[in-house]
>>> print(open('protein_22.cif').read())   # mmCIF, C-alpha atoms
data_my_file
#
loop_
_atom_site.label_atom_id
_atom_site.label_comp_id
_atom_site.auth_asym_id
_atom_site.auth_seq_id
_atom_site.Cartn_x
_atom_site.Cartn_y
_atom_site.Cartn_z
CA MET A 1 -77.41 119.21 -44.40
CA ASN A 2 -74.77 117.02 -42.76
CA ASN A 3 -73.68 114.00 -44.76
CA THR A 4 -71.58 112.49 -42.00
CA VAL A 5 -72.43 108.82 -41.69
CA THR A 6 -72.67 107.64 -38.09
CA VAL A 7 -71.90 103.94 -37.70
CA LEU A 8 -73.56 102.52 -34.60
CA CYS A 9 -71.64 99.58 -33.13
CA SER A 10 -71.93 97.48 -30.03
CA GLY A 11 -69.23 96.04 -27.83
CA PHE A 12 -71.38 93.06 -26.80
CA GLY A 13 -69.29 91.13 -29.29
CA LEU A 14 -66.44 92.15 -31.55
CA GLY A 15 -68.65 91.03 -34.44
CA PHE A 16 -70.84 94.08 -33.89
CA TYR A 17 -67.87 96.40 -33.42
CA VAL A 18 -65.07 95.54 -35.86
CA PRO A 19 -67.31 95.45 -38.98
CA GLY A 20 -68.49 98.95 -38.05
CA LEU A 21 -64.90 100.18 -37.90
CA LEU A 22 -64.16 98.55 -41.25
CA ILE A 23 -67.21 100.19 -42.84
CA ALA A 24 -66.32 103.60 -41.39
CA ARG A 25 -62.74 103.31 -42.67
CA ARG A 26 -63.90 102.28 -46.11
CA LEU A 27 -66.37 105.18 -46.25
CA LYS A 28 -63.60 107.59 -45.28
CA ALA A 29 -61.38 106.14 -47.99
CA LEU A 30 -64.22 106.83 -50.42
CA GLY A 31 -64.31 110.46 -49.32
CA ILE A 32 -67.27 110.27 -46.95
CA LYS A 33 -67.07 111.54 -43.41
CA ALA A 34 -67.87 108.73 -40.98
CA GLU A 35 -68.07 108.60 -37.20
CA ILE A 36 -68.37 105.63 -34.85
CA GLU A 37 -70.53 105.35 -31.74
CA VAL A 38 -70.48 102.36 -29.40
CA PHE A 39 -73.65 101.41 -27.55
CA GLU A 40 -71.96 100.74 -24.22
CA THR A 41 -71.08 104.45 -23.87
CA LEU A 42 -74.79 104.94 -23.20
CA MET A 43 -74.84 102.42 -20.37
CA SER A 44 -74.22 103.14 -16.72
CA ASP A 45 -70.89 102.00 -15.22
CA SER A 46 -72.62 99.24 -13.26
CA LYS A 47 -74.21 97.83 -16.43
CA LYS A 48 -70.89 98.03 -18.24
CA LYS A 49 -69.28 96.08 -15.40
CA LEU A 50 -72.02 93.47 -15.69
CA THR A 51 -71.25 93.17 -19.41
CA ASP A 52 -67.60 92.56 -18.54
CA ASP A 53 -68.53 90.01 -15.88
CA SER A 54 -70.81 88.25 -18.36
CA ARG A 55 -68.00 88.03 -20.90
CA LYS A 56 -65.76 86.33 -18.34
CA ALA A 57 -68.54 83.91 -17.37
CA TYR A 58 -69.23 83.09 -21.03
CA GLN A 59 -65.52 82.37 -21.60
CA LYS A 60 -65.41 79.99 -18.67
CA ASN A 61 -68.58 78.11 -19.52
CA PHE A 62 -70.15 77.80 -22.98
CA ALA A 63 -73.41 76.56 -21.43
CA VAL A 64 -73.73 79.89 -19.61
CA ALA A 65 -73.16 81.72 -22.90
CA LEU A 66 -75.77 79.62 -24.68
CA THR A 67 -78.29 80.03 -21.88
CA SER A 68 -77.93 83.82 -22.07
CA GLN A 69 -79.58 83.64 -25.50
CA LYS A 70 -82.67 81.90 -24.15
CA ILE A 71 -83.63 84.76 -21.88
CA PRO A 72 -85.35 87.76 -23.40
CA ALA A 73 -83.94 91.09 -22.31
CA ASP A 74 -84.99 94.71 -22.55
CA ILE A 75 -81.82 96.71 -23.01
CA ARG A 76 -83.66 99.99 -22.40
CA SER A 77 -83.30 99.46 -18.67
CA SER A 78 -79.51 99.67 -19.10
CA LEU A 79 -79.53 103.07 -20.78
CA ASP A 80 -78.17 106.10 -18.99
CA SER A 81 -80.67 108.80 -19.97
CA SER A 82 -78.21 111.68 -19.51
CA ALA A 83 -75.68 109.99 -21.81
CA VAL A 84 -78.42 109.44 -24.40
CA GLU A 85 -79.53 113.06 -24.18
CA GLY A 86 -75.92 114.24 -24.49
CA LEU A 87 -75.51 112.24 -27.67
CA PHE A 88 -78.81 113.56 -29.09
CA GLN A 89 -77.73 117.13 -28.39
CA GLN A 90 -74.52 116.59 -30.32
CA TRP A 91 -76.31 114.91 -33.21
CA ARG A 92 -79.00 117.59 -33.39
CA GLN A 93 -76.37 120.31 -33.31
CA GLU A 94 -74.48 118.62 -36.13
CA GLU A 95 -77.71 117.74 -37.94
CA ARG A 96 -76.75 114.08 -38.22
CA GLN A 97 -79.08 112.28 -40.59
CA HIS A 98 -77.26 109.21 -41.91
CA PHE A 99 -76.78 106.13 -39.81
CA ILE A 100 -75.69 102.52 -40.17
CA VAL A 101 -76.93 100.34 -37.31
CA LEU A 102 -75.16 97.06 -36.49
CA SER A 103 -77.02 96.13 -33.30
CA GLY A 104 -80.72 95.99 -32.49
CA HIS A 105 -79.99 97.72 -29.19
CA TRP A 106 -79.43 100.97 -31.06
CA VAL A 107 -82.90 100.99 -32.59
CA HIS A 108 -84.46 101.97 -29.24
CA VAL A 109 -82.17 105.00 -29.24
CA MET A 110 -82.75 105.78 -32.90
CA ASP A 111 -86.53 105.70 -32.41
CA ARG A 112 -86.20 108.41 -29.80
CA TYR A 113 -83.80 110.44 -31.92
CA ARG A 114 -86.14 110.19 -34.89
CA GLU A 115 -88.93 111.73 -32.79
CA THR A 116 -86.86 114.69 -31.70
CA ALA A 117 -84.29 115.28 -34.47
CA GLY A 118 -86.52 117.66 -36.36
CA LEU A 119 -85.14 116.56 -39.72
CA PRO A 120 -85.41 113.48 -41.91
CA MET A 121 -83.32 110.52 -40.83
CA TYR A 122 -81.93 107.72 -42.96
CA ALA A 123 -80.72 104.59 -41.26
CA ASP A 124 -79.60 101.22 -42.59
CA LEU A 125 -80.20 98.29 -40.26
CA LEU A 126 -77.30 96.06 -41.27
CA TYR A 127 -77.62 92.38 -40.38
CA ILE A 128 -74.16 90.86 -40.21
CA ASP A 129 -75.45 87.37 -39.39
CA ALA A 130 -77.50 85.14 -41.68
CA ASP A 131 -80.38 85.25 -39.18
CA LEU A 132 -81.40 87.63 -36.40
CA SER A 133 -78.88 87.69 -33.57
CA PRO A 134 -80.07 88.22 -29.97
CA SER A 135 -80.15 92.04 -30.00
CA TRP A 136 -82.45 91.99 -33.04
CA LYS A 137 -84.59 89.15 -31.66
CA ASN A 138 -85.06 90.98 -28.39
CA LEU A 139 -85.98 94.13 -30.29
CA ARG A 140 -88.49 92.27 -32.46
CA ARG A 141 -90.08 90.78 -29.37
CA LEU A 142 -90.59 94.24 -27.88
CA ASN A 143 -91.57 95.88 -31.17
CA PRO A 144 -92.49 93.55 -34.03
CA GLY A 145 -92.66 96.50 -36.44
CA TYR A 146 -89.25 97.86 -35.44
CA ALA A 147 -87.93 98.16 -39.00
CA GLU A 148 -90.64 100.55 -40.15
CA GLY A 149 -89.06 103.70 -41.49
CA TYR A 150 -85.61 102.14 -41.62
CA HIS A 151 -83.80 100.42 -44.46
CA GLU A 152 -83.01 96.78 -43.74
CA VAL A 153 -79.85 95.37 -45.33
CA SER A 154 -79.05 91.67 -45.03
CA MET A 155 -75.56 90.52 -45.85
CA TYR A 156 -76.83 87.03 -46.56
CA ASP A 157 -79.89 85.26 -47.94
CA PRO A 158 -79.69 81.80 -46.39
CA GLU A 159 -82.76 80.52 -48.26
CA LYS A 160 -81.25 81.32 -51.63
CA ARG A 161 -77.79 80.40 -50.30
CA GLU A 162 -76.45 83.76 -51.37
CA ILE A 163 -74.11 86.42 -50.10
CA LEU A 164 -75.72 89.76 -50.87
CA CYS A 165 -72.86 92.02 -49.83
CA SER A 166 -69.43 91.89 -48.24
CA ILE A 167 -67.38 94.05 -45.91
CA ASP A 168 -63.98 95.16 -47.12
CA ALA A 169 -61.23 94.34 -44.62
CA GLY A 170 -58.44 96.40 -46.15
CA PRO A 171 -56.23 96.78 -49.16
CA LEU A 172 -54.33 93.49 -48.97
CA GLU A 173 -55.27 90.88 -51.56
CA ALA A 174 -56.28 87.40 -50.40
CA LEU A 175 -53.31 85.05 -50.59
CA PRO A 176 -53.57 81.89 -52.70
CA ALA A 177 -53.33 78.61 -50.80
CA THR A 178 -49.79 78.04 -52.10
CA ALA A 179 -48.58 81.30 -50.53
CA ARG A 180 -49.95 80.47 -47.07
CA ASN A 181 -48.03 79.11 -44.10
CA GLY A 182 -50.01 75.89 -43.61
CA ARG A 183 -50.93 76.80 -40.04
CA LEU A 184 -54.40 76.85 -38.48
CA VAL A 185 -55.88 79.72 -36.50
CA VAL A 186 -58.06 78.58 -33.61
CA HIS A 187 -60.22 81.15 -31.85
CA GLY A 188 -63.43 81.74 -29.94
CA GLY A 189 -64.54 85.01 -31.50
CA GLY A 190 -64.10 88.31 -29.73
CA TRP A 191 -65.21 86.95 -26.39
CA GLY A 192 -63.34 83.64 -26.48
CA ILE A 193 -66.40 81.43 -26.24
CA GLY A 194 -67.20 78.03 -27.63
CA THR A 195 -65.51 74.69 -27.86
CA PHE A 196 -62.28 75.76 -29.57
CA ARG A 197 -59.98 74.97 -26.62
CA GLU A 198 -60.98 71.29 -26.76
CA LYS A 199 -59.58 70.92 -30.27
CA PHE A 200 -55.89 71.81 -29.85
CA ASP A 201 -54.59 68.31 -29.15
CA ALA A 202 -56.44 66.58 -31.99
CA LEU A 203 -55.31 69.20 -34.51
CA GLU A 204 -51.69 69.02 -33.37
CA SER A 205 -51.79 65.23 -33.40
CA ALA A 206 -52.89 65.50 -37.04
CA GLY A 207 -49.68 67.41 -37.75
CA TYR A 208 -50.93 70.99 -37.79
CA GLU A 209 -49.20 73.93 -36.15
CA LEU A 210 -51.56 76.29 -34.41
CA ASP A 211 -52.02 80.03 -34.01
CA ILE A 212 -54.28 80.24 -30.99
CA ALA A 213 -56.27 83.19 -29.69
CA ALA A 214 -55.83 83.47 -25.93
CA TYR A 215 -58.14 85.58 -23.81
CA SER A 216 -56.08 85.64 -20.60
CA THR A 217 -52.44 84.91 -19.77
CA GLU A 218 -53.55 82.08 -17.46
CA GLU A 219 -54.73 79.95 -20.35
CA ILE A 220 -51.29 79.92 -22.00
CA GLY A 221 -49.55 76.79 -20.82
CA GLU A 222 -46.01 75.49 -21.29
CA ALA A 223 -44.38 76.30 -24.63
CA ILE A 224 -45.27 73.66 -27.22
CA HIS A 225 -43.27 73.33 -30.43
CA GLY A 226 -45.11 74.91 -33.34
CA ARG A 227 -47.80 76.52 -31.17
CA ARG A 228 -48.16 80.29 -30.97
CA TYR A 229 -50.55 82.36 -28.89
CA TYR A 230 -51.99 85.74 -29.75
CA MET A 231 -54.15 88.00 -27.67
CA ASN A 232 -56.15 91.19 -27.84
CA ASP A 233 -55.36 93.34 -24.82
CA PRO A 234 -57.67 91.78 -22.20
CA GLU A 235 -57.97 95.12 -20.40
CA TRP A 236 -59.13 96.97 -23.51
CA PRO A 237 -62.84 97.78 -23.60
CA THR A 238 -64.59 98.38 -26.93
CA TRP A 239 -66.21 101.52 -25.58
CA LEU A 240 -62.97 103.41 -24.90
CA ARG A 241 -61.72 105.94 -27.44
CA ASP A 242 -57.96 106.32 -27.86
CA SER A 243 -56.03 109.49 -26.95
CA SER A 244 -56.99 111.07 -30.28
CA GLY A 245 -60.68 110.41 -29.66
CA GLN A 246 -60.97 107.56 -32.12
CA TYR A 247 -62.29 104.04 -31.72
CA THR A 248 -59.64 101.51 -32.67
CA PHE A 249 -59.17 97.85 -33.40
CA PRO A 250 -58.19 95.93 -30.25
CA PRO A 251 -54.52 96.35 -29.24
CA PHE A 252 -52.95 93.05 -30.22
CA ALA A 253 -49.76 91.01 -29.78
CA GLU A 254 -48.23 87.58 -29.95
CA VAL A 255 -47.98 86.53 -26.32
CA THR A 256 -46.25 84.07 -24.03
CA GLY A 257 -47.29 82.79 -20.66
CA ASN A 258 -44.06 83.52 -18.82
CA GLN A 259 -43.51 87.26 -19.25
CA ALA A 260 -45.42 90.49 -19.13
CA ASN A 261 -47.08 91.14 -22.44
CA HIS A 262 -47.28 94.49 -24.17
CA PHE A 263 -50.10 95.30 -26.58
CA PRO A 264 -49.28 97.94 -29.17
CA PRO A 265 -52.13 99.86 -30.79
CA CYS A 266 -53.62 98.17 -33.82
CA ARG A 267 -53.88 100.94 -36.41
CA HIS A 268 -54.79 98.71 -39.34
CA TYR A 269 -56.96 95.61 -39.27
CA GLN A 270 -54.20 93.43 -40.70
CA GLU A 271 -52.00 94.29 -37.69
CA GLY A 272 -54.37 92.28 -35.53
CA MET A 273 -55.58 88.67 -35.65
CA TYR A 274 -56.78 89.24 -39.21
CA GLY A 275 -53.14 89.48 -40.29
CA VAL A 276 -52.53 86.01 -38.83
CA ILE A 277 -55.75 84.63 -40.36
CA ARG A 278 -54.97 85.80 -43.89
CA GLN A 279 -51.74 83.77 -43.90
CA ALA A 280 -53.22 80.59 -42.43
CA SER A 281 -54.68 77.57 -44.22
CA ALA A 282 -57.92 77.69 -42.23
CA VAL A 283 -59.65 79.15 -39.18
CA ILE A 284 -61.25 76.88 -36.60
CA SER A 285 -63.93 78.81 -34.72
CA LYS A 286 -67.58 79.16 -33.90
CA PRO A 287 -69.49 80.58 -36.87
CA GLY A 288 -69.94 84.17 -35.73
CA GLY A 289 -70.71 87.02 -38.11
CA GLY A 290 -67.19 88.38 -37.70
CA ALA A 291 -65.67 85.00 -38.57
CA LEU A 292 -67.67 84.94 -41.81
CA ILE A 293 -66.51 88.44 -42.76
CA ASP A 294 -62.87 87.52 -42.07
CA SER A 295 -63.20 84.27 -44.02
CA LEU A 296 -64.62 85.93 -47.10
CA ALA A 297 -62.33 88.96 -47.05
CA SER A 298 -59.14 86.96 -46.52
CA GLY A 299 -60.17 83.92 -48.58
CA THR A 300 -59.54 81.67 -45.59
CA PRO A 301 -61.75 78.58 -45.15
CA LEU A 302 -63.67 78.15 -41.92
CA VAL A 303 -63.75 74.90 -39.96
CA LEU A 304 -67.00 75.37 -38.09
CA LEU A 305 -67.33 74.60 -34.40
CA ASP A 306 -70.53 74.56 -32.34
CA PRO A 307 -72.64 77.65 -33.00
CA PHE A 308 -73.38 80.25 -30.34
CA GLY A 309 -77.15 80.24 -30.73
CA PRO A 310 -79.58 79.61 -33.61
CA HIS A 311 -78.36 82.53 -35.75
CA GLU A 312 -74.82 81.13 -35.80
CA LYS A 313 -76.22 77.72 -36.76
CA ILE A 314 -77.64 79.37 -39.88
CA ASN A 315 -74.28 81.11 -40.50
CA SER A 316 -72.65 77.71 -40.29
CA ASP A 317 -75.10 76.03 -42.68
CA LEU A 318 -74.67 78.85 -45.18
CA TRP A 319 -70.86 78.62 -45.18
CA VAL A 320 -71.02 74.86 -45.69
CA GLU A 321 -73.56 75.19 -48.53
CA LEU A 322 -71.47 77.86 -50.26
CA GLY A 323 -68.41 75.63 -50.07
CA TYR A 324 -66.45 78.09 -47.90
CA GLY A 325 -66.51 76.05 -44.72
CA ILE A 326 -66.68 72.53 -43.32
CA ARG A 327 -68.09 71.37 -40.01
CA TYR A 328 -65.38 70.30 -37.59
CA GLY A 329 -66.81 66.81 -37.10
CA GLU A 330 -66.98 66.23 -40.83
CA TRP A 331 -63.41 67.41 -41.33
CA ALA A 332 -62.22 65.27 -38.41
CA GLY A 333 -63.90 62.34 -40.22
CA THR A 334 -61.57 62.86 -43.19
CA GLY A 335 -58.56 62.59 -40.87
CA PHE A 336 -58.18 66.41 -40.98
CA ASP A 337 -57.35 66.16 -44.67
CA ARG A 338 -55.47 69.18 -46.09
CA GLU A 339 -57.06 68.56 -49.47
CA GLU A 340 -60.47 69.40 -48.02
CA LEU A 341 -59.17 72.81 -46.97
CA LEU A 342 -57.65 73.37 -50.41
CA LYS A 343 -61.03 72.77 -52.07
CA LEU A 344 -62.66 75.36 -49.80
CA SER A 345 -59.81 77.75 -50.42
CA ASP A 346 -60.22 77.36 -54.19
CA ASN A 347 -63.93 78.15 -53.84
CA LEU A 348 -63.14 81.31 -51.91
CA GLN A 349 -60.50 82.36 -54.43
CA ALA A 350 -62.95 81.82 -57.26
CA ALA A 351 -65.45 84.08 -55.48
CA ARG A 352 -63.09 87.08 -55.35
CA GLY A 353 -64.93 90.23 -56.33
CA ARG A 354 -68.24 88.41 -56.71
CA TYR A 355 -69.99 90.12 -53.81
CA PRO A 356 -70.59 93.89 -53.78
CA ASP A 357 -68.85 95.85 -51.05
CA TYR A 358 -71.51 97.22 -48.68
CA ALA A 359 -69.67 100.47 -47.93
CA ALA A 360 -69.00 101.18 -51.60
CA SER A 361 -72.68 100.60 -52.47
CA TYR A 362 -73.71 102.82 -49.55
CA ALA A 363 -71.35 105.58 -50.69
CA GLU A 364 -72.70 105.36 -54.23
CA GLN A 365 -76.28 105.71 -53.03
CA LEU A 366 -75.38 108.59 -50.74
CA SER A 367 -73.65 110.43 -53.58
CA ALA A 368 -76.63 109.82 -55.85
CA ALA A 369 -78.97 111.18 -53.18
CA GLU A 370 -76.75 114.25 -52.74
CA GLY A 371 -76.88 114.85 -56.46
CA ARG A 372 -80.65 114.80 -56.35
CA SER A 373 -80.94 117.18 -53.39
CA MET B 1 -91.72 73.40 -6.57
CA GLN B 2 -92.01 76.89 -5.09
CA GLN B 3 -89.70 75.92 -2.22
CA LYS B 4 -87.14 74.39 -4.56
CA VAL B 5 -87.13 77.52 -6.72
CA ILE B 6 -86.51 79.67 -3.65
CA GLU B 7 -83.71 77.34 -2.54
CA ILE B 8 -82.01 77.69 -5.92
CA ILE B 9 -82.34 81.48 -5.81
CA ALA B 10 -80.76 81.52 -2.33
CA GLU B 11 -77.99 79.25 -3.58
CA ILE B 12 -77.26 81.45 -6.64
CA LYS B 13 -77.31 84.59 -4.50
CA GLU B 14 -75.29 82.87 -1.75
CA GLU B 15 -77.76 84.36 0.71
CA PRO B 16 -79.35 81.71 2.97
CA GLY B 17 -81.49 84.47 4.53
CA LEU B 18 -83.57 84.52 1.34
CA LEU B 19 -85.06 81.17 2.38
CA GLN B 20 -86.94 83.08 5.06
CA THR B 21 -87.71 86.30 3.20
CA LEU B 22 -88.82 85.06 -0.22
CA ASN B 23 -92.26 83.64 -0.90
CA GLY B 24 -94.50 82.85 -3.86
CA ALA B 25 -95.19 86.52 -4.53
CA SER B 26 -91.53 87.58 -4.55
CA ASP B 27 -90.22 89.20 -7.71
CA LEU B 28 -87.02 87.51 -8.89
CA THR B 29 -85.32 90.68 -10.10
CA LEU B 30 -86.67 93.15 -7.50
CA ASP B 31 -87.07 91.16 -4.26
CA ALA B 32 -84.45 88.48 -4.93
CA ALA B 33 -82.30 91.04 -6.84
CA LEU B 34 -81.01 88.54 -9.39
CA ASP B 35 -78.91 90.38 -11.98
CA SER B 36 -78.75 89.24 -15.60
CA LEU B 37 -75.77 86.94 -15.07
CA GLN B 38 -77.36 85.42 -11.95
CA ILE B 39 -80.57 84.84 -13.91
CA ILE B 40 -78.59 82.84 -16.47
CA ASN B 41 -77.02 80.69 -13.76
CA PHE B 42 -80.42 80.35 -12.10
CA ILE B 43 -82.00 79.11 -15.35
CA LEU B 44 -79.14 76.64 -15.87
CA ARG B 45 -79.70 75.24 -12.36
CA ILE B 46 -83.46 75.06 -12.91
CA GLU B 47 -82.95 73.20 -16.21
CA ASP B 48 -80.72 70.69 -14.44
CA GLU B 49 -82.97 70.32 -11.43
CA PHE B 50 -86.23 69.78 -13.31
CA ASP B 51 -84.79 68.26 -16.49
CA ILE B 52 -86.39 70.86 -18.74
CA GLU B 53 -85.20 73.24 -21.41
CA VAL B 54 -86.11 76.92 -21.38
CA ASP B 55 -86.21 78.57 -24.78
CA PHE B 56 -86.41 82.12 -26.09
CA ASP B 57 -89.78 81.62 -27.77
CA THR B 58 -91.66 80.48 -24.67
CA PHE B 59 -89.84 82.32 -21.91
CA ASP B 60 -90.94 85.82 -21.04
CA LEU B 61 -89.59 88.38 -18.59
CA GLU B 62 -93.08 88.33 -17.06
CA HIS B 63 -92.22 84.89 -15.72
CA LEU B 64 -89.69 86.52 -13.41
CA LYS B 65 -92.32 88.76 -11.80
CA SER B 66 -92.97 86.24 -9.07
CA VAL B 67 -91.73 82.88 -7.80
CA ASP B 68 -95.24 81.51 -8.38
CA ARG B 69 -95.37 82.64 -12.02
CA PHE B 70 -91.92 81.21 -12.64
CA SER B 71 -92.85 77.93 -10.95
CA ALA B 72 -95.99 77.70 -13.12
CA TYR B 73 -93.86 78.22 -16.25
CA VAL B 74 -91.48 75.45 -15.19
CA ALA B 75 -94.39 73.18 -14.28
CA GLY B 76 -95.81 73.75 -17.78
CA LEU B 77 -92.53 72.57 -19.30
CA THR B 78 -92.24 69.50 -17.11
CA VAL B 79 -95.64 68.10 -18.10
CA ARG B 80 -94.89 68.27 -21.86
#
>>> encode(input="protein_22.cif", output="structure tokens")
Amino acid sequence: MNNTVTVLCSGFGLGFYVPGLLIARRLKALGIKAEIEVFETLMSDSKKKLTDDSRKAYQKNFAVALTSQKIPADIRSSLDSSAVEGLFQQWRQEERQHFIVLSGHWVHVMDRYRETAGLPMYADLLYIDADLSPSWKNLRRLNPGYAEGYHEVSMYDPEKREILCSIDAGPLEALPATARNGRLVVHGGGWGIGTFREKFDALESAGYELDIAAYSTEEIGEAIHGRRYYMNDPEWPTWLRDSSGQYTFPPFAEVTGNQANHFPPCRHYQEGMYGVIRQASAVISKPGGGALIDSLASGTPLVLLDPFGPHEKINSDLWVELGYGIRYGEWAGTGFDREELLKLSDNLQAARGRYPDYAASYAEQLSAAEGRS
Amino acid sequence: MQQKVIEIIAEIKEEPGLLQTLNGASDLTLDAALDSLQIINFILRIEDEFDIEVDFDTFDLEHLKSVDRFSAYVAGLTVR
């Protein structure tokens, strides 16, 4: 029996990739062997290029990004059957049985593996948003009973306004509000989408200094006092392993618009944007699943911009109801009051340790199952 | 409406020749060869043109199987 846990991520958004890396790292720290796979490695080069093109189009125009969620899609047509078979061969050879699935796209693959693996398979379907995101909705449309035989795990229960589990982002403790730098992080998630770029002037006029996520050098203008830009390497694809064969966090650096930028590898999550977020007074972004995980793990309040689809709307409502976030318009209505952020920060500090760590619970259950076998 | 839909496809594809080759039976992904990103831009243009809103719950990939089926779907939205 092979107890390696295979964490199945997707590069469609960093929110379906980074949490997988965090879970795998936490499992390893708990003594469990964990491997990552990224869905895009099973797609043909032309489909991967289309994904890249889509990302650029979504960055340029939020309406295009939003419209993409209205159109049902069948991801199976993007699969490269030889790549799928190659992966199955490896898994069968290694007798892989334990999986954590972060994207609905993977379930099509897992269904086929389940038929041919020749041994029992245990897979968690982990929902990192408070409602089904597009990959799960598309899957449900094609197969309403898709979850049969799998174990569904929701991180949130929006009806009960509860967080059911959290994802550990590393060993650093959340900083209290008094130890933070007073700056605001403004970003558009992994793909740089949403309305965040429209907010810089108003926030700076209110006296805030900004740490801004850039997604291309072209969007970095003249130097402005108090403003810093950061960027993940724009050439880095989620589906590329590093020279040691590992998947990594995006190479990351503080950047300027007037010189060539160099992006060192990001070995630990806090060496990336998360390290900037955990020192800031708040994050201004769309309410993606990744933004929620960062907010909870670092104890940083979220100022919520327009959601990217109905599932992010539910994320947003949940964060407001829990007292961990405030809608941008509402905060603007207070004159961008710092006290509002402090209240949210206090709520997050008070919640430290309240929510069970998903990876730790998983590891416990796996160990218990091993003991029984 | 069929003609307008074909015009928008030709515009998105930047292929005026499609005005002659496409007809009501043409498949939007096979005959017109719209890729996923072009379909998004096509839907955006259609929403603007006909003042409608496409949504995930009513739209089906079957609607892309022909210009006529797509036009019927749009017509259904415009009369609501």
>>> resolve_selection(input="protein_22.cif", expression="the PyMOL selection byres ((chain A and resi 56) around 12)", output="PyMOL selection string")
(chain A and resi 49-55+57-62+64-65+190-193+215-216+234-235) or (chain B and resi 37)
>>> resolve_selection(input="protein_22.cif", expression="the PyMOL selection byres ((chain B) within 6 of (chain A))", output="PyMOL selection string")
chain B and resi 40+55-56
>>> resolve_selection(input="protein_22.cif", expression="the PyMOL selection byres ((chain B and resi 45) around 12)", output="VMD selection string")
(chain A and resid 63 to 64 67) or (chain B and resid 4 to 12 38 to 44 46 to 54)
>>> atom_distance(input="protein_22.cif", atom1="CA of Gly335 in chain A", atom2="CA of Gly289 in chain A")
27.4 Å
>>> residues_near_point(input="protein_22.cif", point="(-81.0, 100.4, -29.2)", cutoff="12 Å", atoms="all atoms listed in the file", output="PyMOL selection string")
chain A and resi 8-10+37-43+73-79+84+101-113+125+135-136+138-140+142-143+146
>>> atom_distance(input="protein_22.cif", atom1="CA of Asn347 in chain A", atom2="CA of Glu330 in chain A")
17.9 Å
>>> atom_distance(input="protein_22.cif", atom1="CA of Val153 in chain A", atom2="CA of Arg267 in chain A")
28.0 Å
>>> closest_residue(input="protein_22.cif", among="A:Arg352, A:Arg183, A:His262, A:His311", to="Val283 in chain A", atoms="only C-alpha atoms")
A:Arg183
